[in-house]
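Everything below belongs to input-v3.cif, which stores mmCIF, N, CA, C and O atoms.
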data_coords
#
loop_
_atom_site.label_atom_id
_atom_site.label_comp_id
_atom_site.auth_asym_id
_atom_site.auth_seq_id
_atom_site.Cartn_x
_atom_site.Cartn_y
_atom_site.Cartn_z
N LEU D 21 -152.69 -113.88 114.32
CA LEU D 21 -151.68 -112.87 114.07
C LEU D 21 -150.67 -113.35 113.03
O LEU D 21 -150.21 -112.58 112.21
N GLY D 22 -150.37 -114.64 113.08
CA GLY D 22 -149.41 -115.19 112.12
C GLY D 22 -149.84 -114.98 110.68
O GLY D 22 -149.04 -114.58 109.83
N SER D 23 -151.10 -115.25 110.40
CA SER D 23 -151.63 -115.07 109.04
C SER D 23 -151.56 -113.60 108.63
O SER D 23 -151.21 -113.28 107.48
N ALA D 24 -151.91 -112.71 109.55
CA ALA D 24 -151.85 -111.28 109.25
C ALA D 24 -150.42 -110.84 108.97
O ALA D 24 -150.18 -110.00 108.08
N ARG D 25 -149.47 -111.40 109.69
CA ARG D 25 -148.06 -111.06 109.45
C ARG D 25 -147.61 -111.53 108.07
O ARG D 25 -146.92 -110.80 107.35
N VAL D 26 -147.99 -112.75 107.71
CA VAL D 26 -147.62 -113.28 106.40
C VAL D 26 -148.18 -112.40 105.29
O VAL D 26 -147.51 -112.13 104.29
N MET D 27 -149.40 -111.92 105.48
CA MET D 27 -150.06 -111.07 104.48
C MET D 27 -149.64 -109.60 104.61
O MET D 27 -150.06 -108.76 103.83
N ARG D 28 -148.81 -109.32 105.60
CA ARG D 28 -148.31 -107.97 105.87
C ARG D 28 -149.43 -106.96 106.15
O ARG D 28 -149.38 -105.82 105.72
N VAL D 29 -150.44 -107.43 106.88
CA VAL D 29 -151.54 -106.55 107.28
C VAL D 29 -151.68 -106.52 108.81
O VAL D 29 -152.69 -106.09 109.34
N ASP D 30 -150.64 -106.97 109.51
CA ASP D 30 -150.71 -107.07 110.97
C ASP D 30 -150.77 -105.72 111.67
O ASP D 30 -151.10 -105.64 112.84
N ARG D 31 -150.51 -104.64 110.97
CA ARG D 31 -150.66 -103.31 111.57
C ARG D 31 -152.14 -103.04 111.88
O ARG D 31 -152.45 -102.37 112.86
N ASP D 32 -153.04 -103.57 111.05
CA ASP D 32 -154.47 -103.32 111.22
C ASP D 32 -155.28 -104.55 111.62
O ASP D 32 -156.39 -104.41 112.13
N PHE D 33 -154.77 -105.74 111.39
CA PHE D 33 -155.52 -106.97 111.60
C PHE D 33 -154.69 -107.98 112.38
O PHE D 33 -153.49 -107.81 112.55
N GLY D 34 -155.33 -109.05 112.84
CA GLY D 34 -154.61 -110.18 113.39
C GLY D 34 -154.60 -110.32 114.89
O GLY D 34 -154.24 -111.36 115.41
N SER D 35 -154.93 -109.26 115.60
CA SER D 35 -154.99 -109.33 117.06
C SER D 35 -156.00 -108.30 117.56
O SER D 35 -156.39 -107.40 116.84
N ILE D 36 -156.40 -108.47 118.80
CA ILE D 36 -157.35 -107.54 119.41
C ILE D 36 -156.56 -106.47 120.14
O ILE D 36 -155.83 -106.76 121.10
N ARG D 37 -156.68 -105.26 119.65
CA ARG D 37 -155.91 -104.15 120.20
C ARG D 37 -156.56 -102.83 119.78
O ARG D 37 -157.14 -102.75 118.70
N ALA D 38 -156.47 -101.84 120.62
CA ALA D 38 -157.04 -100.52 120.30
C ALA D 38 -156.49 -100.04 118.97
O ALA D 38 -155.28 -100.12 118.71
N GLY D 39 -157.38 -99.58 118.11
CA GLY D 39 -156.99 -99.03 116.82
C GLY D 39 -156.96 -100.03 115.69
O GLY D 39 -156.83 -99.65 114.53
N LYS D 40 -157.10 -101.32 115.99
CA LYS D 40 -157.11 -102.33 114.94
C LYS D 40 -158.54 -102.63 114.50
O LYS D 40 -159.49 -102.38 115.23
N VAL D 41 -158.67 -103.16 113.31
CA VAL D 41 -159.96 -103.55 112.76
C VAL D 41 -160.31 -104.92 113.33
O VAL D 41 -159.46 -105.81 113.36
N ALA D 42 -161.55 -105.08 113.78
CA ALA D 42 -161.93 -106.36 114.37
C ALA D 42 -163.38 -106.70 114.07
O ALA D 42 -164.25 -105.85 114.15
N ASP D 43 -163.61 -107.94 113.73
CA ASP D 43 -164.95 -108.52 113.65
C ASP D 43 -164.96 -109.60 114.71
O ASP D 43 -164.15 -110.53 114.67
N MET D 44 -165.85 -109.45 115.70
CA MET D 44 -165.85 -110.39 116.82
C MET D 44 -167.28 -110.74 117.23
O MET D 44 -168.20 -109.96 117.04
N VAL D 45 -167.40 -111.93 117.78
CA VAL D 45 -168.65 -112.38 118.38
C VAL D 45 -168.31 -112.86 119.78
O VAL D 45 -167.42 -113.69 119.96
N LEU D 46 -169.01 -112.33 120.79
CA LEU D 46 -168.80 -112.75 122.16
C LEU D 46 -169.95 -113.67 122.56
O LEU D 46 -171.11 -113.29 122.45
N LEU D 47 -169.60 -114.89 122.96
CA LEU D 47 -170.59 -115.89 123.34
C LEU D 47 -170.54 -116.14 124.83
O LEU D 47 -169.48 -116.07 125.45
N ASP D 48 -171.69 -116.47 125.40
CA ASP D 48 -171.77 -116.91 126.78
C ASP D 48 -171.81 -118.43 126.76
O ASP D 48 -172.86 -119.02 126.55
N GLY D 49 -170.66 -119.05 126.90
CA GLY D 49 -170.59 -120.50 126.85
C GLY D 49 -169.39 -120.97 126.06
O GLY D 49 -168.52 -120.18 125.68
N ASP D 50 -169.37 -122.25 125.78
CA ASP D 50 -168.26 -122.88 125.07
C ASP D 50 -168.81 -123.75 123.95
O ASP D 50 -169.19 -124.90 124.17
N PRO D 51 -168.87 -123.21 122.73
CA PRO D 51 -169.43 -123.99 121.63
C PRO D 51 -168.60 -125.21 121.24
O PRO D 51 -169.10 -126.10 120.57
N THR D 52 -167.35 -125.29 121.71
CA THR D 52 -166.57 -126.49 121.43
C THR D 52 -167.03 -127.64 122.32
O THR D 52 -166.79 -128.80 122.00
N ALA D 53 -167.69 -127.32 123.42
CA ALA D 53 -168.22 -128.35 124.32
C ALA D 53 -169.72 -128.57 124.09
O ALA D 53 -170.20 -129.70 124.20
N ARG D 54 -170.45 -127.48 123.79
CA ARG D 54 -171.90 -127.53 123.59
C ARG D 54 -172.24 -126.64 122.40
O ARG D 54 -172.30 -125.41 122.55
N ILE D 55 -172.45 -127.23 121.24
CA ILE D 55 -172.68 -126.46 120.02
C ILE D 55 -173.85 -125.50 120.16
O ILE D 55 -173.86 -124.42 119.55
N GLY D 56 -174.82 -125.82 121.00
CA GLY D 56 -175.96 -124.93 121.20
C GLY D 56 -175.57 -123.59 121.80
O GLY D 56 -176.34 -122.62 121.70
N ASP D 57 -174.39 -123.49 122.38
CA ASP D 57 -173.94 -122.22 122.96
C ASP D 57 -173.73 -121.14 121.92
O ASP D 57 -173.62 -119.96 122.26
N VAL D 58 -173.68 -121.50 120.64
CA VAL D 58 -173.55 -120.46 119.61
C VAL D 58 -174.78 -119.56 119.60
O VAL D 58 -174.72 -118.44 119.10
N ARG D 59 -175.88 -120.03 120.17
CA ARG D 59 -177.09 -119.19 120.27
C ARG D 59 -177.02 -118.22 121.44
O ARG D 59 -177.87 -117.35 121.57
N ASN D 60 -176.03 -118.36 122.30
CA ASN D 60 -175.89 -117.48 123.47
C ASN D 60 -174.98 -116.30 123.14
O ASN D 60 -173.97 -116.06 123.81
N THR D 61 -175.34 -115.56 122.12
CA THR D 61 -174.53 -114.43 121.68
C THR D 61 -174.77 -113.22 122.58
O THR D 61 -175.91 -112.80 122.76
N VAL D 62 -173.71 -112.69 123.13
CA VAL D 62 -173.79 -111.52 124.00
C VAL D 62 -173.70 -110.24 123.18
O VAL D 62 -174.46 -109.31 123.37
N TRP D 63 -172.73 -110.18 122.26
CA TRP D 63 -172.64 -109.07 121.33
C TRP D 63 -171.87 -109.44 120.08
O TRP D 63 -171.13 -110.41 120.06
N VAL D 64 -172.07 -108.63 119.03
CA VAL D 64 -171.43 -108.83 117.74
C VAL D 64 -170.80 -107.51 117.31
O VAL D 64 -171.45 -106.46 117.38
N MET D 65 -169.55 -107.56 116.86
CA MET D 65 -168.90 -106.38 116.32
C MET D 65 -168.43 -106.70 114.92
O MET D 65 -167.75 -107.69 114.69
N LYS D 66 -168.82 -105.84 113.97
CA LYS D 66 -168.42 -106.00 112.57
C LYS D 66 -167.96 -104.65 112.07
O LYS D 66 -168.69 -103.67 112.15
N GLY D 67 -166.73 -104.58 111.60
CA GLY D 67 -166.20 -103.33 111.07
C GLY D 67 -166.18 -102.21 112.09
O GLY D 67 -166.36 -101.05 111.74
N GLY D 68 -166.00 -102.57 113.36
CA GLY D 68 -165.94 -101.58 114.41
C GLY D 68 -167.29 -101.10 114.91
O GLY D 68 -167.37 -100.22 115.75
N VAL D 69 -168.38 -101.67 114.37
CA VAL D 69 -169.72 -101.30 114.79
C VAL D 69 -170.30 -102.41 115.65
O VAL D 69 -170.25 -103.58 115.28
N LEU D 70 -170.83 -102.03 116.82
CA LEU D 70 -171.43 -102.98 117.75
C LEU D 70 -172.90 -103.18 117.39
O LEU D 70 -173.63 -102.20 117.23
N TYR D 71 -173.32 -104.45 117.25
CA TYR D 71 -174.69 -104.78 116.87
C TYR D 71 -175.40 -105.52 117.99
O TYR D 71 -174.78 -106.28 118.74
N ASP D 72 -176.71 -105.32 118.07
CA ASP D 72 -177.56 -106.03 119.03
C ASP D 72 -177.79 -107.45 118.52
O ASP D 72 -178.39 -107.63 117.46
N PRO D 73 -177.33 -108.46 119.24
CA PRO D 73 -177.47 -109.84 118.75
C PRO D 73 -178.93 -110.27 118.61
O PRO D 73 -179.26 -111.05 117.73
N ASN D 74 -179.82 -109.77 119.46
CA ASN D 74 -181.24 -110.14 119.34
C ASN D 74 -181.85 -109.57 118.08
O ASN D 74 -182.64 -110.22 117.41
N ALA D 75 -181.48 -108.35 117.72
CA ALA D 75 -181.97 -107.75 116.48
C ALA D 75 -181.45 -108.52 115.27
O ALA D 75 -182.17 -108.73 114.29
N LEU D 76 -180.19 -108.94 115.32
CA LEU D 76 -179.63 -109.73 114.22
C LEU D 76 -180.34 -111.06 114.09
O LEU D 76 -180.64 -111.52 112.98
N ALA D 77 -180.63 -111.69 115.22
CA ALA D 77 -181.33 -112.99 115.21
C ALA D 77 -182.72 -112.82 114.58
O ALA D 77 -183.11 -113.61 113.71
N ARG D 78 -183.45 -111.79 114.99
CA ARG D 78 -184.78 -111.56 114.44
C ARG D 78 -184.70 -111.31 112.93
O ARG D 78 -185.50 -111.82 112.16
N ALA D 79 -183.72 -110.53 112.50
CA ALA D 79 -183.55 -110.24 111.07
C ALA D 79 -183.24 -111.49 110.27
O ALA D 79 -183.60 -111.59 109.09
N ALA D 80 -182.59 -112.46 110.91
CA ALA D 80 -182.25 -113.72 110.24
C ALA D 80 -183.37 -114.76 110.37
O ALA D 80 -183.23 -115.87 109.88
N GLY D 81 -184.45 -114.39 111.07
CA GLY D 81 -185.55 -115.32 111.24
C GLY D 81 -185.31 -116.36 112.30
O GLY D 81 -185.89 -117.43 112.29
N VAL D 82 -184.42 -116.05 113.25
CA VAL D 82 -184.07 -116.96 114.34
C VAL D 82 -184.62 -116.38 115.63
O VAL D 82 -184.60 -115.15 115.83
N ARG D 83 -185.09 -117.24 116.51
CA ARG D 83 -185.60 -116.78 117.80
C ARG D 83 -184.46 -116.21 118.63
O ARG D 83 -183.46 -116.89 118.88
N PRO D 84 -184.58 -114.94 119.07
CA PRO D 84 -183.51 -114.36 119.91
C PRO D 84 -183.39 -115.08 121.23
O PRO D 84 -184.34 -115.71 121.70
N ARG D 85 -182.21 -114.98 121.81
CA ARG D 85 -182.01 -115.60 123.13
C ARG D 85 -182.81 -114.81 124.15
O ARG D 85 -183.12 -113.65 123.96
N GLY D 86 -183.05 -115.42 125.24
CA GLY D 86 -183.75 -114.61 126.19
C GLY D 86 -184.31 -115.35 127.30
O GLY D 86 -184.99 -115.05 128.13
#

Please rewrite the model in this file as structure tokens.
Amino acid sequence: LGSARVMRVDRDFGSIRAGKVADMVLLDGDPTARIGDVRNTVWVMKGGVLYDPNALARAAGVRPRG
């Protein structure tokens, strides 16, 4: 939020809140403790659109979780 405030875009960016723009990845796990947990993607949101993480993995040539 601090960076968004400095750039004066905090009305639309910088925090998770209804009506704001957000790109997010929800993981099942803690990649700071186990880097392999980055493969445990539950969902991906880009530009307000929710994407299937398994479809994204297949498109990138990576084995989907499962």

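Nearest to Val45 (chain D) of all the residues D:Leu21, D:Leu70, D:Val82, D:Val64 is D:Val64, based on only C-alpha atoms.
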
Step by step, gather every atom of region 55-67 of chain D that the file lists, find the box along x, y and z that holds them, add 6 Å on each side, and finally give centre and edge lengths in Å to one decimal, as JSON.
{"center_x": -172.0, "center_y": -114.1, "center_z": 117.5, "size_x": 23.7, "size_y": 38.2, "size_z": 24.9}

Open item on the list: One decimal, in Å: what's the spacing between atom N of Val58 (chain D) and CA of Val41 (chain D)?
Closed with: 23.9 Å

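Counting from CA of Arg83 (chain D), the distance to CA of Thr61 (chain D) is 12.0 Å.
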
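Every residue of chain D found in helix (DSSP H, G or I) when DSSP is run on the backbone appears here: Gly22, Ser23, Ala24, Arg25, Val26, Ile55, Gly56, Asp57, Val58, Arg59, Pro73, Asn74, Ala75, Leu76, Ala77, Arg78 and Ala79 of chain D.
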
TODO: With a distance cut-off of 12 Å and only C-alpha atoms, select the neighbouring residues of Asp32 (chain D), excluding the residue or stretch itself and same-chain residues fewer than 4 positions from it, and output the selection as a ChimeraX atom specification.
DONE: /D:21,24-25,27-28,36-43,67

TODO: May I ask for the distance between atom C of Asp50 (chain D) and atom O of Arg31 (chain D), given in Å to one decimal place?
DONE: 29.1 Å

- [ ] Enumerate, as a PyMOL selection string, the residues matched when the PyMOL selection byres ((chain D and resi 47) around 6) is run on the file above.
- [x] chain D and resi 45-46+48-49+57+60-63

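Put simply, the PyMOL selection byres ((chain D and resi 85) around 6) in this file takes in Arg59, Asn74, Arg83, Pro84 and Gly86 of chain D.
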
Give me, as an mmCIF file with N, CA, C and O atoms, in the coordinates of the input, the residues of chain D that a backbone DSSP run labels strand (DSSP E or B).
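Dumped everything to selection.cif:
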data_model
loop_
_atom_site.group_PDB
_atom_site.id
_atom_site.type_symbol
_atom_site.label_atom_id
_atom_site.label_comp_id
_atom_site.auth_asym_id
_atom_site.auth_seq_id
_atom_site.Cartn_x
_atom_site.Cartn_y
_atom_site.Cartn_z
ATOM 1 N N MET D 44 -165.850 -109.450 115.700
ATOM 2 C CA MET D 44 -165.850 -110.390 116.820
ATOM 3 C C MET D 44 -167.280 -110.740 117.230
ATOM 4 O O MET D 44 -168.200 -109.960 117.040
ATOM 5 N N VAL D 45 -167.400 -111.930 117.780
ATOM 6 C CA VAL D 45 -168.650 -112.380 118.380
ATOM 7 C C VAL D 45 -168.310 -112.860 119.780
ATOM 8 O O VAL D 45 -167.420 -113.690 119.960
ATOM 9 N N LEU D 46 -169.010 -112.330 120.790
ATOM 10 C CA LEU D 46 -168.800 -112.750 122.160
ATOM 11 C C LEU D 46 -169.950 -113.670 122.560
ATOM 12 O O LEU D 46 -171.110 -113.290 122.450
ATOM 13 N N LEU D 47 -169.600 -114.890 122.960
ATOM 14 C CA LEU D 47 -170.590 -115.890 123.340
ATOM 15 C C LEU D 47 -170.540 -116.140 124.830
ATOM 16 O O LEU D 47 -169.480 -116.070 125.450
ATOM 17 N N THR D 61 -175.340 -115.560 122.120
ATOM 18 C CA THR D 61 -174.530 -114.430 121.680
ATOM 19 C C THR D 61 -174.770 -113.220 122.580
ATOM 20 O O THR D 61 -175.910 -112.800 122.760
ATOM 21 N N VAL D 62 -173.710 -112.690 123.130
ATOM 22 C CA VAL D 62 -173.790 -111.520 124.000
ATOM 23 C C VAL D 62 -173.700 -110.240 123.180
ATOM 24 O O VAL D 62 -174.460 -109.310 123.370
ATOM 25 N N TRP D 63 -172.730 -110.180 122.260
ATOM 26 C CA TRP D 63 -172.640 -109.070 121.330
ATOM 27 C C TRP D 63 -171.870 -109.440 120.080
ATOM 28 O O TRP D 63 -171.130 -110.410 120.060
ATOM 29 N N VAL D 64 -172.070 -108.630 119.030
ATOM 30 C CA VAL D 64 -171.430 -108.830 117.740
ATOM 31 C C VAL D 64 -170.800 -107.510 117.310
ATOM 32 O O VAL D 64 -171.450 -106.460 117.380
ATOM 33 N N MET D 65 -169.550 -107.560 116.860
ATOM 34 C CA MET D 65 -168.900 -106.380 116.320
ATOM 35 C C MET D 65 -168.430 -106.700 114.920
ATOM 36 O O MET D 65 -167.750 -107.690 114.690
ATOM 37 N N LYS D 66 -168.820 -105.840 113.970
ATOM 38 C CA LYS D 66 -168.420 -106.000 112.570
ATOM 39 C C LYS D 66 -167.960 -104.650 112.070
ATOM 40 O O LYS D 66 -168.690 -103.670 112.150
ATOM 41 N N VAL D 69 -168.380 -101.670 114.370
ATOM 42 C CA VAL D 69 -169.720 -101.300 114.790
ATOM 43 C C VAL D 69 -170.300 -102.410 115.650
ATOM 44 O O VAL D 69 -170.250 -103.580 115.280
ATOM 45 N N LEU D 70 -170.830 -102.030 116.820
ATOM 46 C CA LEU D 70 -171.430 -102.980 117.750
ATOM 47 C C LEU D 70 -172.900 -103.180 117.390
ATOM 48 O O LEU D 70 -173.630 -102.200 117.230
ATOM 49 N N TYR D 71 -173.320 -104.450 117.250
ATOM 50 C CA TYR D 71 -174.690 -104.780 116.870
ATOM 51 C C TYR D 71 -175.400 -105.520 117.990
ATOM 52 O O TYR D 71 -174.780 -106.280 118.740
#
